[in-house]
Amino acid sequence: MEGSSPSMSGSASVPDEGDSRRGPLLQRRQELSDELARDPYDFILFLERAVVYSDLGYPDLAAGDAYRALLLTDEVSDESFEYHEQAREALEKYSSTDLPSVLQHGTLADGAPDMVDGMGPDGPGHSQTLTSLAAVRCFQVLSLSLVLCGSLKSAFEFCERGLKMVPNNRDLQEIKGYVEKLARRRLHKRPDETVHYNELPNRGAVRREVYPWNTYEPDRFSHESLSFLNKKLATMAPKCEVRVSSLPVLLEGESDTDGYEIIPTCSQLGLFAKENIAPGETVLEEYSLLTANNRHKESTCDACGSELPPLKLGTQAQSCPECYDTVFCDEVCLSKAQEQYHPAVCDKDVDSIAKDPEASVADESLYILLLARLLAMSSHQDVHPLDLTEVKYIWGDFVPTSINDLDLSINAEPPPEWTLPFSFKSNIEMPLHILEKMDIDIYASLDRYDTWVFNTAYAKFRGTASARKTKRDGRPDVAAVHPFWCLANHDCNPNVTWEWGGRMVLWARETRVVGNQPGGIKAGEEIFNHYCDVNLPVQDRREWAKGSLGGWCMCQRCRDEAAHLEGGEMK
Ligand SMILES: C[S@@+](CC[C@H](N)C(=O)[O-])C[C@H]1O[C@@H](n2cnc3c(N)ncnc32)[C@H](O)[C@@H]1O
């Protein structure tokens, strides 16, 4: 790893029992990744890496690899599939060897003769037996891993698919039992109550971290990073600079520290004024193409997300001259889109993905679509997704690997609470589906489009994206990431306010919320934005800001108002 995020600093580096177990596993993961780069259609390698991820405590990444392995078993079995020849050839090296060790699991190989789809000693041959055994192993790894990630409905579906092939497989039967048990617990059902398929929870959480092998994450505090960011910022916020800021450490919820004079702080990045800024003056104006719109027929610009001008004669709006379907608000947006992402998705039917979602998954669909845009930018510009400036330097709210690790010892503490929202659909299935629509080979492009890369992008989007709700039904339908705007920290007595049209604009407030003090920002002061409605009472603000801030707001205004309330209640 080249650098570390602020939250990583100070993590323990003394080797312990966990480290001695992890070291060889991390090395094996690297070897398998290198082998996959040479032989990307080999499902045995994917399965082996899935097992290594399981042993390292990354069930989501294990599920990602088992799913690619499963897709490759389909490629072997069906000669009409695109990678059939490559997947078959990749198996040749196993034709004269014993069963690969990853398939010698429990009673798996004993089941070969009973395989429902006709394999076994008299079946059509070694490679097909291998393929069927591998498919069952994929179902086992997928379903167990997804149980551990909390994606219970998907886990159940993979169990069922596996049990169709090997109805008596004990592992799959057991996993199905876990799904029901966990679902009952999450749904607060009695042991005798039936859990219906449709009510199975499907969203869970996984580790949110700078993976030990992630070499793309910069040291955001380094001189190089800060000068790079400041050079870019100069064009959109000439009176500001990016600096290291000292912020209160956020708490999970209410605490009795509101009245304390000194509270713990941590270092993160923030925006600061270099010169005096007058009340009402524009502080920052940022244009971003990292946008998403989840309505199929919506009149927003595909590039910047602003409302389109009416489509009548003489309008500035422009359609893509190749696919016609994609509309931009003007010539500038069209040409920026052509330069940076659109050709990767032009006429590829990517537009229908994740559109018009149910209200309960409106947010999730916007995150998927932001990822889709990032993948299109990466593919068109031929740059690794995590190297794109739009995401490289942004805050990911990462948790140190050592805190996320599962303690497998006898005296283990309760398992850590993982913080990155996860579902099989968002984190594994849809990203691969989008890549396939873009005609990207999802096996040969593993170094760029691996599951951990999707997760890292999601972690960054979740801490920084802004969304706009439609007036029609109040659902979020447009979202964007503005990598410089999102460097501004929050305060409930902000000195700026913001609006997102085609550009994200921050301007200095005319008056401050607290005490109606005059606005304006002095050179050296931090730019404080607001992530919630600052006109609400303190408890409501803290509840609202909890999601976007990542914890209980400890700004001076919140602490003063809460301490005052507590004092009042005590009297
Ligand atoms: C959009 S980012 C802001 C920029 C970020 N500080 C960085 O280093 O890039 C939001 C994150 O900044 C931190 N943050 C912002 N305002 C804060 C505040 N008033 N108190 C504590 N943390 C804050 C929280 O960790 C939050 O999740």
# chains A, B, ... in the order shown; residues from 1 in each chain; ligands from 1
call {"tool": "closest_atom_pairs", "arguments": {"of": "chain A", "to": "ligand 1", "cutoff": "9 Å", "atoms": "only C-alpha atoms and all ligand atoms", "output": "tab-separated table"}}
result
residue	atom	partner	partner_atom_place_in_ligand_line	distance
A:Ser5	CA	ligand 1	8 (O)	8.6
A:Pro6	CA	ligand 1	8 (O)	7.5
A:Arg220	CA	ligand 1	8 (O)	8.0
A:Val244	CA	ligand 1	8 (O)	7.8
A:Ser245	CA	ligand 1	6 (N)	7.4
A:Ser246	CA	ligand 1	21 (C)	8.5
A:Leu247	CA	ligand 1	21 (C)	4.8
A:Pro248	CA	ligand 1	21 (C)	4.7
A:Val249	CA	ligand 1	21 (C)	5.8
A:Leu250	CA	ligand 1	21 (C)	5.6
A:Thr265	CA	ligand 1	21 (C)	8.2
A:Cys266	CA	ligand 1	21 (C)	8.3
A:Ser267	CA	ligand 1	8 (O)	7.8
A:Gln268	CA	ligand 1	8 (O)	4.1
A:Leu269	CA	ligand 1	8 (O)	3.6
A:Gly270	CA	ligand 1	6 (N)	5.3
A:Leu271	CA	ligand 1	4 (C)	8.2
A:Tyr393	CA	ligand 1	9 (O)	7.6
A:Ile394	CA	ligand 1	9 (O)	5.5
A:Trp395	CA	ligand 1	9 (O)	4.3
A:Gly396	CA	ligand 1	9 (O)	8.0
A:Asp397	CA	ligand 1	27 (O)	6.0
A:Gly463	CA	ligand 1	27 (O)	5.7
A:Thr464	CA	ligand 1	1 (C)	4.6
A:Ala465	CA	ligand 1	1 (C)	8.0
A:Pro483	CA	ligand 1	9 (O)	8.7
A:Phe484	CA	ligand 1	9 (O)	8.7
A:Trp485	CA	ligand 1	1 (C)	8.0
A:Cys486	CA	ligand 1	1 (C)	4.4
A:Leu487	CA	ligand 1	4 (C)	3.9
A:Ala488	CA	ligand 1	3 (C)	5.2
A:Asn489	CA	ligand 1	16 (N)	3.7
A:His490	CA	ligand 1	16 (N)	3.8
A:Asp491	CA	ligand 1	19 (N)	4.9
A:Cys492	CA	ligand 1	19 (N)	7.8
A:Phe528	CA	ligand 1	16 (N)	7.9
A:Asn529	CA	ligand 1	16 (N)	8.2
A:His530	CA	ligand 1	16 (N)	8.4
A:Tyr531	CA	ligand 1	16 (N)	8.4
A:Gly547	CA	ligand 1	27 (O)	8.6
A:Ser548	CA	ligand 1	27 (O)	6.4
A:Leu549	CA	ligand 1	27 (O)	4.3
A:Gly550	CA	ligand 1	27 (O)	4.8
A:Gly551	CA	ligand 1	27 (O)	7.7
A:Trp552	CA	ligand 1	20 (N)	8.4
A:Cys553	CA	ligand 1	20 (N)	6.0
A:Met554	CA	ligand 1	20 (N)	6.0
A:Cys555	CA	ligand 1	19 (N)	5.3
A:Gln556	CA	ligand 1	19 (N)	8.8
call {"tool": "write_last_selection", "arguments": {"atoms": "C-alpha atoms", "output": "short mmCIF file (atom, residue, chain, number, x, y, z; two decimals), in the first residue's frame"}}
result
data_model
loop_
_atom_site.label_atom_id
_atom_site.label_comp_id
_atom_site.auth_asym_id
_atom_site.auth_seq_id
_atom_site.Cartn_x
_atom_site.Cartn_y
_atom_site.Cartn_z
CA SER A 5 -6.24 7.25 4.86
CA PRO A 6 -6.45 9.50 7.93
CA ARG A 220 -3.93 12.34 1.02
CA VAL A 244 -5.28 19.37 6.80
CA SER A 245 -8.07 20.15 9.23
CA SER A 246 -8.62 19.10 12.83
CA LEU A 247 -12.14 17.72 13.34
CA PRO A 248 -14.01 16.32 16.33
CA VAL A 249 -13.94 12.51 16.51
CA LEU A 250 -17.52 11.46 15.77
CA THR A 265 -10.04 15.36 17.46
CA CYS A 266 -8.63 13.73 14.33
CA SER A 267 -6.93 15.01 11.19
CA GLN A 268 -8.72 15.04 7.85
CA LEU A 269 -8.71 17.30 4.81
CA GLY A 270 -10.78 20.46 4.56
CA LEU A 271 -11.17 23.62 2.45
CA TYR A 393 -8.45 11.69 -3.57
CA ILE A 394 -11.88 11.53 -2.00
CA TRP A 395 -12.74 10.49 1.50
CA GLY A 396 -13.79 6.85 1.87
CA ASP A 397 -14.50 6.72 5.63
CA GLY A 463 -19.27 9.44 2.01
CA THR A 464 -19.45 12.17 -0.61
CA ALA A 465 -22.28 11.93 -3.18
CA PRO A 483 -14.61 15.75 -5.65
CA PHE A 484 -13.66 19.30 -4.58
CA TRP A 485 -16.99 20.45 -3.17
CA CYS A 486 -16.99 17.35 -0.99
CA LEU A 487 -13.72 18.40 0.66
CA ALA A 488 -15.66 21.02 2.65
CA ASN A 489 -16.50 19.81 6.16
CA HIS A 490 -19.79 20.27 7.97
CA ASP A 491 -20.79 22.69 10.70
CA CYS A 492 -24.28 23.52 11.95
CA PHE A 528 -17.84 25.04 6.61
CA ASN A 529 -20.70 23.65 4.56
CA HIS A 530 -23.89 22.03 5.92
CA TYR A 531 -24.95 18.42 5.33
CA GLY A 547 -25.96 9.37 7.96
CA SER A 548 -24.03 11.88 5.85
CA LEU A 549 -21.52 12.79 8.56
CA GLY A 550 -20.92 9.25 9.79
CA GLY A 551 -21.75 9.96 13.43
CA TRP A 552 -23.18 12.28 16.06
CA CYS A 553 -22.41 15.90 15.17
CA MET A 554 -20.01 17.44 17.69
CA CYS A 555 -19.76 20.93 16.18
CA GLN A 556 -19.66 23.84 18.63
#
call {"tool": "select_by_dssp", "arguments": {"residues": "range 148-258 of chain A", "states": "strand (DSSP E or B)", "output": "number ranges by chain"}}
result
A: 204-206, 240-248, 251
call {"tool": "write_last_selection", "arguments": {"atoms": "N, CA and C atoms", "output": "PDB file, in the first residue's frame"}}
result
ATOM      1  N   GLY A 204     -26.842  -6.210   3.451  1.00  0.00           N
ATOM      2  CA  GLY A 204     -26.011  -6.418   4.629  1.00  0.00           C
ATOM      3  C   GLY A 204     -24.877  -5.414   4.633  1.00  0.00           C
ATOM      4  N   ALA A 205     -23.778  -5.793   5.293  1.00  0.00           N
ATOM      5  CA  ALA A 205     -22.629  -4.879   5.359  1.00  0.00           C
ATOM      6  C   ALA A 205     -21.339  -5.681   5.275  1.00  0.00           C
ATOM      7  N   VAL A 206     -20.328  -5.041   4.681  1.00  0.00           N
ATOM      8  CA  VAL A 206     -19.014  -5.689   4.564  1.00  0.00           C
ATOM      9  C   VAL A 206     -17.930  -4.707   5.010  1.00  0.00           C
ATOM     10  N   CYS A 240      -9.481  29.702  -2.392  1.00  0.00           N
ATOM     11  CA  CYS A 240      -9.428  28.626  -1.380  1.00  0.00           C
ATOM     12  C   CYS A 240      -8.232  27.716  -1.571  1.00  0.00           C
ATOM     13  N   GLU A 241      -7.921  26.963  -0.518  1.00  0.00           N
ATOM     14  CA  GLU A 241      -6.915  25.906  -0.654  1.00  0.00           C
ATOM     15  C   GLU A 241      -7.324  24.699   0.185  1.00  0.00           C
ATOM     16  N   VAL A 242      -6.783  23.533  -0.181  1.00  0.00           N
ATOM     17  CA  VAL A 242      -7.041  22.300   0.580  1.00  0.00           C
ATOM     18  C   VAL A 242      -5.933  22.197   1.617  1.00  0.00           C
ATOM     19  N   ARG A 243      -6.328  21.975   2.872  1.00  0.00           N
ATOM     20  CA  ARG A 243      -5.331  21.818   3.942  1.00  0.00           C
ATOM     21  C   ARG A 243      -5.794  20.718   4.881  1.00  0.00           C
ATOM     22  N   VAL A 244      -4.887  20.346   5.775  1.00  0.00           N
ATOM     23  CA  VAL A 244      -5.277  19.368   6.795  1.00  0.00           C
ATOM     24  C   VAL A 244      -6.061  20.119   7.874  1.00  0.00           C
ATOM     25  N   SER A 245      -7.195  19.515   8.258  1.00  0.00           N
ATOM     26  CA  SER A 245      -8.073  20.153   9.234  1.00  0.00           C
ATOM     27  C   SER A 245      -8.181  19.259  10.473  1.00  0.00           C
ATOM     28  N   SER A 246      -8.432  19.890  11.614  1.00  0.00           N
ATOM     29  CA  SER A 246      -8.624  19.098  12.834  1.00  0.00           C
ATOM     30  C   SER A 246     -10.117  19.064  13.151  1.00  0.00           C
ATOM     31  N   LEU A 247     -10.690  17.854  13.175  1.00  0.00           N
ATOM     32  CA  LEU A 247     -12.141  17.719  13.343  1.00  0.00           C
ATOM     33  C   LEU A 247     -12.468  16.892  14.577  1.00  0.00           C
ATOM     34  N   PRO A 248     -13.640  17.148  15.180  1.00  0.00           N
ATOM     35  CA  PRO A 248     -14.014  16.315  16.333  1.00  0.00           C
ATOM     36  C   PRO A 248     -14.145  14.848  15.907  1.00  0.00           C
ATOM     37  N   LEU A 251     -18.957  10.423  17.400  1.00  0.00           N
ATOM     38  CA  LEU A 251     -19.401   9.333  18.272  1.00  0.00           C
ATOM     39  C   LEU A 251     -20.595   8.653  17.613  1.00  0.00           C
TER      40      LEU A 251
END
call {"tool": "closest_residue", "arguments": {"among": "A:Ile442, A:Leu45, A:Val102, A:Leu536", "to": "Leu71 in chain A", "atoms": "only C-alpha atoms"}}
result
A:Ile442
call {"tool": "closest_residue", "arguments": {"among": "A:Gly57, A:Pro40, A:Gly519, A:Gly23", "to": "Asp447 in chain A", "atoms": "only C-alpha atoms"}}
result
A:Pro40
call {"tool": "residues_around", "arguments": {"residues": "Pro100 in chain A", "least_positions_apart": "2", "cutoff": "12 Å", "atoms": "only C-alpha atoms", "output": "PDB file with N, CA and C atoms, in the first residue's frame"}}
result
ATOM      1  N   PHE A  43     -11.619 -21.378 -14.022  1.00  0.00           N
ATOM      2  CA  PHE A  43     -12.504 -21.243 -12.854  1.00  0.00           C
ATOM      3  C   PHE A  43     -11.904 -21.838 -11.583  1.00  0.00           C
ATOM      4  N   ILE A  44     -10.974 -22.786 -11.737  1.00  0.00           N
ATOM      5  CA  ILE A  44     -10.348 -23.356 -10.530  1.00  0.00           C
ATOM      6  C   ILE A  44      -9.554 -22.269  -9.798  1.00  0.00           C
ATOM      7  N   LEU A  45      -8.839 -21.420 -10.568  1.00  0.00           N
ATOM      8  CA  LEU A  45      -8.074 -20.336  -9.936  1.00  0.00           C
ATOM      9  C   LEU A  45      -9.010 -19.373  -9.210  1.00  0.00           C
ATOM     10  N   LEU A  47     -11.903 -20.074  -7.959  1.00  0.00           N
ATOM     11  CA  LEU A  47     -12.416 -20.742  -6.757  1.00  0.00           C
ATOM     12  C   LEU A  47     -11.358 -20.775  -5.656  1.00  0.00           C
ATOM     13  N   GLU A  48     -10.107 -21.024  -6.077  1.00  0.00           N
ATOM     14  CA  GLU A  48      -9.035 -21.057  -5.067  1.00  0.00           C
ATOM     15  C   GLU A  48      -8.891 -19.692  -4.416  1.00  0.00           C
ATOM     16  N   LEU A  91      -9.117 -25.506 -18.892  1.00  0.00           N
ATOM     17  CA  LEU A  91      -9.283 -26.718 -18.077  1.00  0.00           C
ATOM     18  C   LEU A  91      -8.326 -27.833 -18.473  1.00  0.00           C
ATOM     19  N   LYS A  93      -5.233 -28.188 -18.497  1.00  0.00           N
ATOM     20  CA  LYS A  93      -4.111 -28.511 -17.606  1.00  0.00           C
ATOM     21  C   LYS A  93      -4.523 -29.411 -16.441  1.00  0.00           C
ATOM     22  N   TYR A  94      -5.819 -29.539 -16.205  1.00  0.00           N
ATOM     23  CA  TYR A  94      -6.274 -30.397 -15.100  1.00  0.00           C
ATOM     24  C   TYR A  94      -6.638 -31.807 -15.583  1.00  0.00           C
ATOM     25  N   SER A  95      -6.491 -32.046 -16.920  1.00  0.00           N
ATOM     26  CA  SER A  95      -7.024 -33.305 -17.442  1.00  0.00           C
ATOM     27  C   SER A  95      -6.254 -34.525 -16.952  1.00  0.00           C
ATOM     28  N   SER A  96      -4.946 -34.347 -16.673  1.00  0.00           N
ATOM     29  CA  SER A  96      -4.200 -35.540 -16.264  1.00  0.00           C
ATOM     30  C   SER A  96      -3.812 -35.481 -14.784  1.00  0.00           C
ATOM     31  N   THR A  97      -4.411 -34.586 -14.048  1.00  0.00           N
ATOM     32  CA  THR A  97      -4.021 -34.485 -12.628  1.00  0.00           C
ATOM     33  C   THR A  97      -5.168 -34.977 -11.751  1.00  0.00           C
ATOM     34  N   ASP A  98      -4.828 -35.109 -10.448  1.00  0.00           N
ATOM     35  CA  ASP A  98      -5.878 -35.443  -9.482  1.00  0.00           C
ATOM     36  C   ASP A  98      -6.864 -34.286  -9.425  1.00  0.00           C
ATOM     37  N   VAL A 102      -9.200 -27.650  -4.266  1.00  0.00           N
ATOM     38  CA  VAL A 102     -10.358 -26.824  -3.906  1.00  0.00           C
ATOM     39  C   VAL A 102     -11.676 -27.594  -4.119  1.00  0.00           C
ATOM     40  N   LEU A 103     -11.612 -28.656  -4.930  1.00  0.00           N
ATOM     41  CA  LEU A 103     -12.831 -29.453  -5.150  1.00  0.00           C
ATOM     42  C   LEU A 103     -12.897 -30.672  -4.225  1.00  0.00           C
ATOM     43  N   GLN A 104     -11.790 -30.891  -3.490  1.00  0.00           N
ATOM     44  CA  GLN A 104     -11.821 -32.009  -2.535  1.00  0.00           C
ATOM     45  C   GLN A 104     -12.346 -31.469  -1.202  1.00  0.00           C
ATOM     46  N   HIS A 105     -13.593 -31.150  -1.182  1.00  0.00           N
ATOM     47  CA  HIS A 105     -14.158 -30.480  -0.014  1.00  0.00           C
ATOM     48  C   HIS A 105     -15.321 -31.301   0.530  1.00  0.00           C
ATOM     49  N   ALA A 109     -16.984 -34.492  -3.763  1.00  0.00           N
ATOM     50  CA  ALA A 109     -16.626 -35.399  -4.862  1.00  0.00           C
ATOM     51  C   ALA A 109     -17.452 -36.686  -4.805  1.00  0.00           C
ATOM     52  N   LEU A 130     -15.525 -32.220 -13.796  1.00  0.00           N
ATOM     53  CA  LEU A 130     -14.830 -31.144 -13.097  1.00  0.00           C
ATOM     54  C   LEU A 130     -15.698 -29.882 -13.065  1.00  0.00           C
ATOM     55  N   THR A 131     -16.321 -29.603 -14.189  1.00  0.00           N
ATOM     56  CA  THR A 131     -17.140 -28.393 -14.300  1.00  0.00           C
ATOM     57  C   THR A 131     -18.355 -28.482 -13.371  1.00  0.00           C
ATOM     58  N   LEU A 133     -18.651 -30.372 -10.650  1.00  0.00           N
ATOM     59  CA  LEU A 133     -18.206 -30.285  -9.248  1.00  0.00           C
ATOM     60  C   LEU A 133     -17.887 -28.847  -8.891  1.00  0.00           C
ATOM     61  N   ALA A 134     -17.224 -28.150  -9.824  1.00  0.00           N
ATOM     62  CA  ALA A 134     -16.854 -26.753  -9.558  1.00  0.00           C
ATOM     63  C   ALA A 134     -18.118 -25.910  -9.387  1.00  0.00           C
ATOM     64  N   ARG A 137     -19.357 -26.395  -5.987  1.00  0.00           N
ATOM     65  CA  ARG A 137     -18.462 -25.715  -5.022  1.00  0.00           C
ATOM     66  C   ARG A 137     -18.729 -24.204  -5.057  1.00  0.00           C
TER      67      ARG A 137
END
call {"tool": "select_by_dssp", "arguments": {"residues": "range 447-535 of chain A", "states": "helix (DSSP H, G or I)", "output": "ChimeraX atom specification"}}
result
/A:451-464,485-487,514-516
call {"tool": "write_last_selection", "arguments": {"atoms": "C-alpha atoms", "output": "PDB file, in the first residue's frame"}}
result
ATOM      1  CA  THR A 451     -14.880  -6.766  -6.698  1.00  0.00           C
ATOM      2  CA  TRP A 452     -12.630  -4.889  -4.251  1.00  0.00           C
ATOM      3  CA  VAL A 453     -12.346  -2.049  -6.785  1.00  0.00           C
ATOM      4  CA  PHE A 454     -16.162  -1.732  -6.926  1.00  0.00           C
ATOM      5  CA  ASN A 455     -16.293  -1.755  -3.115  1.00  0.00           C
ATOM      6  CA  THR A 456     -13.631   0.939  -2.828  1.00  0.00           C
ATOM      7  CA  ALA A 457     -15.532   3.161  -5.263  1.00  0.00           C
ATOM      8  CA  TYR A 458     -18.799   2.584  -3.348  1.00  0.00           C
ATOM      9  CA  ALA A 459     -17.080   3.483  -0.045  1.00  0.00           C
ATOM     10  CA  LYS A 460     -15.987   6.775  -1.579  1.00  0.00           C
ATOM     11  CA  PHE A 461     -19.386   7.528  -3.152  1.00  0.00           C
ATOM     12  CA  ARG A 462     -21.219   6.800   0.090  1.00  0.00           C
ATOM     13  CA  GLY A 463     -19.274   9.445   2.008  1.00  0.00           C
ATOM     14  CA  THR A 464     -19.447  12.166  -0.610  1.00  0.00           C
ATOM     15  CA  TRP A 485     -16.986  20.455  -3.169  1.00  0.00           C
ATOM     16  CA  CYS A 486     -16.985  17.350  -0.989  1.00  0.00           C
ATOM     17  CA  LEU A 487     -13.718  18.397   0.659  1.00  0.00           C
ATOM     18  CA  VAL A 514     -25.986  31.564  15.193  1.00  0.00           C
ATOM     19  CA  GLY A 515     -26.695  35.040  16.535  1.00  0.00           C
ATOM     20  CA  ASN A 516     -27.508  36.418  13.069  1.00  0.00           C
TER      21      ASN A 516
END
call {"tool": "residues_around", "arguments": {"residues": "Leu308 in chain A", "least_positions_apart": "5", "cutoff": "10 Å", "atoms": "only C-alpha atoms", "output": "count of residues only"}}
result
14
call {"tool": "closest_residue", "arguments": {"among": "A:Cys558, A:Gly177, A:Leu200, A:Lys546", "to": "Gly253 in chain A", "atoms": "only C-alpha atoms"}}
result
A:Lys546
call {"tool": "residues_around", "arguments": {"residues": "Ile440 in chain A", "least_positions_apart": "6", "cutoff": "10 Å", "atoms": "only C-alpha atoms", "output": "list in words"}}
result
Ala344, Ser379, Leu432, His433, Ile434 and Tyr449 of chain A
call {"tool": "write_last_selection", "arguments": {"atoms": "N, CA and C atoms", "output": "tab-separated table (two decimals), in the first residue's frame"}}
result
chain	number	residue	atom	x	y	z
A	344	ALA	N	-17.96	4.78	-24.50
A	344	ALA	CA	-17.92	3.45	-23.87
A	344	ALA	C	-19.32	2.86	-23.70
A	379	SER	N	-13.06	2.95	-18.78
A	379	SER	CA	-12.88	2.20	-20.02
A	379	SER	C	-12.53	3.15	-21.16
A	432	LEU	N	-20.79	-6.37	-12.92
A	432	LEU	CA	-20.34	-7.27	-13.98
A	432	LEU	C	-21.27	-7.18	-15.19
A	433	HIS	N	-22.57	-7.05	-14.91
A	433	HIS	CA	-23.55	-6.92	-15.98
A	433	HIS	C	-23.28	-5.65	-16.80
A	434	ILE	N	-22.97	-4.57	-16.10
A	434	ILE	CA	-22.69	-3.30	-16.78
A	434	ILE	C	-21.44	-3.45	-17.66
A	449	TYR	N	-11.16	-4.33	-12.89
A	449	TYR	CA	-12.57	-4.40	-12.50
A	449	TYR	C	-12.85	-5.55	-11.54
call {"tool": "residues_around", "arguments": {"residues": "Pro191 in chain A", "least_positions_apart": "5", "cutoff": "10 Å", "atoms": "only C-alpha atoms", "output": "PDB file with C-alpha atoms, in the first residue's frame"}}
result
ATOM      1  CA  GLU A 180     -33.595 -19.418   7.727  1.00  0.00           C
ATOM      2  CA  LYS A 181     -32.177 -19.049  11.235  1.00  0.00           C
ATOM      3  CA  ARG A 184     -35.831 -15.360  11.593  1.00  0.00           C
ATOM      4  CA  ARG A 185     -33.526 -13.445  13.926  1.00  0.00           C
TER       5      ARG A 185
END
call {"tool": "residues_around", "arguments": {"residues": "range 288-296 of chain A", "least_positions_apart": "4", "cutoff": "10 Å", "atoms": "only C-alpha atoms", "output": "ChimeraX atom specification"}}
result
/A:300-306,333,336-337,340-341,351-357,362-374,377,390-391,465-468,476-484,502-504
call {"tool": "write_last_selection", "arguments": {"atoms": "C-alpha atoms", "output": "PDB file, in the first residue's frame"}}
result
ATOM      1  CA  THR A 300     -31.913  15.700 -17.333  1.00  0.00           C
ATOM      2  CA  CYS A 301     -28.595  16.167 -19.066  1.00  0.00           C
ATOM      3  CA  ASP A 302     -26.745  12.838 -19.214  1.00  0.00           C
ATOM      4  CA  ALA A 303     -23.459  14.586 -18.427  1.00  0.00           C
ATOM      5  CA  CYS A 304     -24.009  17.210 -15.725  1.00  0.00           C
ATOM      6  CA  GLY A 305     -27.414  16.118 -14.362  1.00  0.00           C
ATOM      7  CA  SER A 306     -29.099  19.511 -14.773  1.00  0.00           C
ATOM      8  CA  CYS A 333     -21.756  18.823 -22.128  1.00  0.00           C
ATOM      9  CA  LYS A 336     -17.130  16.674 -22.541  1.00  0.00           C
ATOM     10  CA  ALA A 337     -19.168  13.446 -22.469  1.00  0.00           C
ATOM     11  CA  GLN A 340     -14.549  11.401 -21.102  1.00  0.00           C
ATOM     12  CA  TYR A 341     -17.076   8.542 -21.116  1.00  0.00           C
ATOM     13  CA  ASP A 351     -29.192   3.071 -20.287  1.00  0.00           C
ATOM     14  CA  SER A 352     -31.915   0.719 -19.108  1.00  0.00           C
ATOM     15  CA  ILE A 353     -29.883  -0.595 -16.145  1.00  0.00           C
ATOM     16  CA  ALA A 354     -31.063   0.281 -12.614  1.00  0.00           C
ATOM     17  CA  LYS A 355     -33.692   2.701 -13.940  1.00  0.00           C
ATOM     18  CA  ASP A 356     -37.129   3.449 -12.435  1.00  0.00           C
ATOM     19  CA  PRO A 357     -36.411   1.551  -9.202  1.00  0.00           C
ATOM     20  CA  ALA A 362     -33.844   4.377  -5.135  1.00  0.00           C
ATOM     21  CA  ASP A 363     -30.577   5.239  -3.315  1.00  0.00           C
ATOM     22  CA  GLU A 364     -29.017   1.895  -4.181  1.00  0.00           C
ATOM     23  CA  SER A 365     -29.805   2.402  -7.866  1.00  0.00           C
ATOM     24  CA  LEU A 366     -28.098   5.808  -7.832  1.00  0.00           C
ATOM     25  CA  TYR A 367     -24.926   4.307  -6.354  1.00  0.00           C
ATOM     26  CA  ILE A 368     -24.974   1.574  -9.025  1.00  0.00           C
ATOM     27  CA  LEU A 369     -25.357   4.223 -11.722  1.00  0.00           C
ATOM     28  CA  LEU A 370     -22.515   6.315 -10.295  1.00  0.00           C
ATOM     29  CA  LEU A 371     -20.366   3.186 -10.463  1.00  0.00           C
ATOM     30  CA  ALA A 372     -21.536   2.617 -14.060  1.00  0.00           C
ATOM     31  CA  ARG A 373     -20.387   6.137 -14.965  1.00  0.00           C
ATOM     32  CA  LEU A 374     -17.026   5.574 -13.279  1.00  0.00           C
ATOM     33  CA  MET A 377     -14.892   6.822 -17.732  1.00  0.00           C
ATOM     34  CA  GLU A 390     -12.848  12.090  -9.776  1.00  0.00           C
ATOM     35  CA  VAL A 391     -12.432   9.442  -7.050  1.00  0.00           C
ATOM     36  CA  ALA A 465     -22.277  11.933  -3.180  1.00  0.00           C
ATOM     37  CA  SER A 466     -25.096  14.440  -3.174  1.00  0.00           C
ATOM     38  CA  ALA A 467     -28.564  13.585  -4.477  1.00  0.00           C
ATOM     39  CA  ARG A 468     -31.521  15.587  -5.694  1.00  0.00           C
ATOM     40  CA  PRO A 476     -33.859  10.753  -4.994  1.00  0.00           C
ATOM     41  CA  ASP A 477     -33.474  10.521  -8.757  1.00  0.00           C
ATOM     42  CA  VAL A 478     -30.241  12.344  -9.629  1.00  0.00           C
ATOM     43  CA  ALA A 479     -26.889  12.038  -7.859  1.00  0.00           C
ATOM     44  CA  ALA A 480     -23.370  13.329  -8.346  1.00  0.00           C
ATOM     45  CA  VAL A 481     -19.922  13.265  -6.845  1.00  0.00           C
ATOM     46  CA  HIS A 482     -18.100  16.621  -6.868  1.00  0.00           C
ATOM     47  CA  PRO A 483     -14.610  15.745  -5.648  1.00  0.00           C
ATOM     48  CA  PHE A 484     -13.658  19.299  -4.584  1.00  0.00           C
ATOM     49  CA  GLY A 502     -25.478  22.044 -13.782  1.00  0.00           C
ATOM     50  CA  ARG A 503     -22.578  23.164 -11.571  1.00  0.00           C
ATOM     51  CA  MET A 504     -22.099  22.678  -7.851  1.00  0.00           C
TER      52      MET A 504
END
call {"tool": "closest_residue", "arguments": {"among": "A:Glu275, A:Asp192, A:Glu199, A:Asp258", "to": "Arg557 in chain A", "atoms": "only C-alpha atoms"}}
result
A:Asp258
call {"tool": "closest_residue", "arguments": {"among": "A:Thr73, A:Thr107, A:Ser445, A:Ser409", "to": "Arg38 in chain A", "atoms": "only C-alpha atoms"}}
result
A:Ser445
call {"tool": "closest_residue", "arguments": {"among": "A:Ala273, A:Val136, A:Leu99, A:Leu26", "to": "Leu233 in chain A", "atoms": "only C-alpha atoms"}}
result
A:Ala273
call {"tool": "atom_distance", "arguments": {"atom1": "CA of Lys176 in chain A", "atom2": "CA of Glu160 in chain A"}}
result
8.1 Å
call {"tool": "atom_distance", "arguments": {"atom1": "CA of Gly524 in chain A", "atom2": "CA of Leu388 in chain A"}}
result
29.7 Å
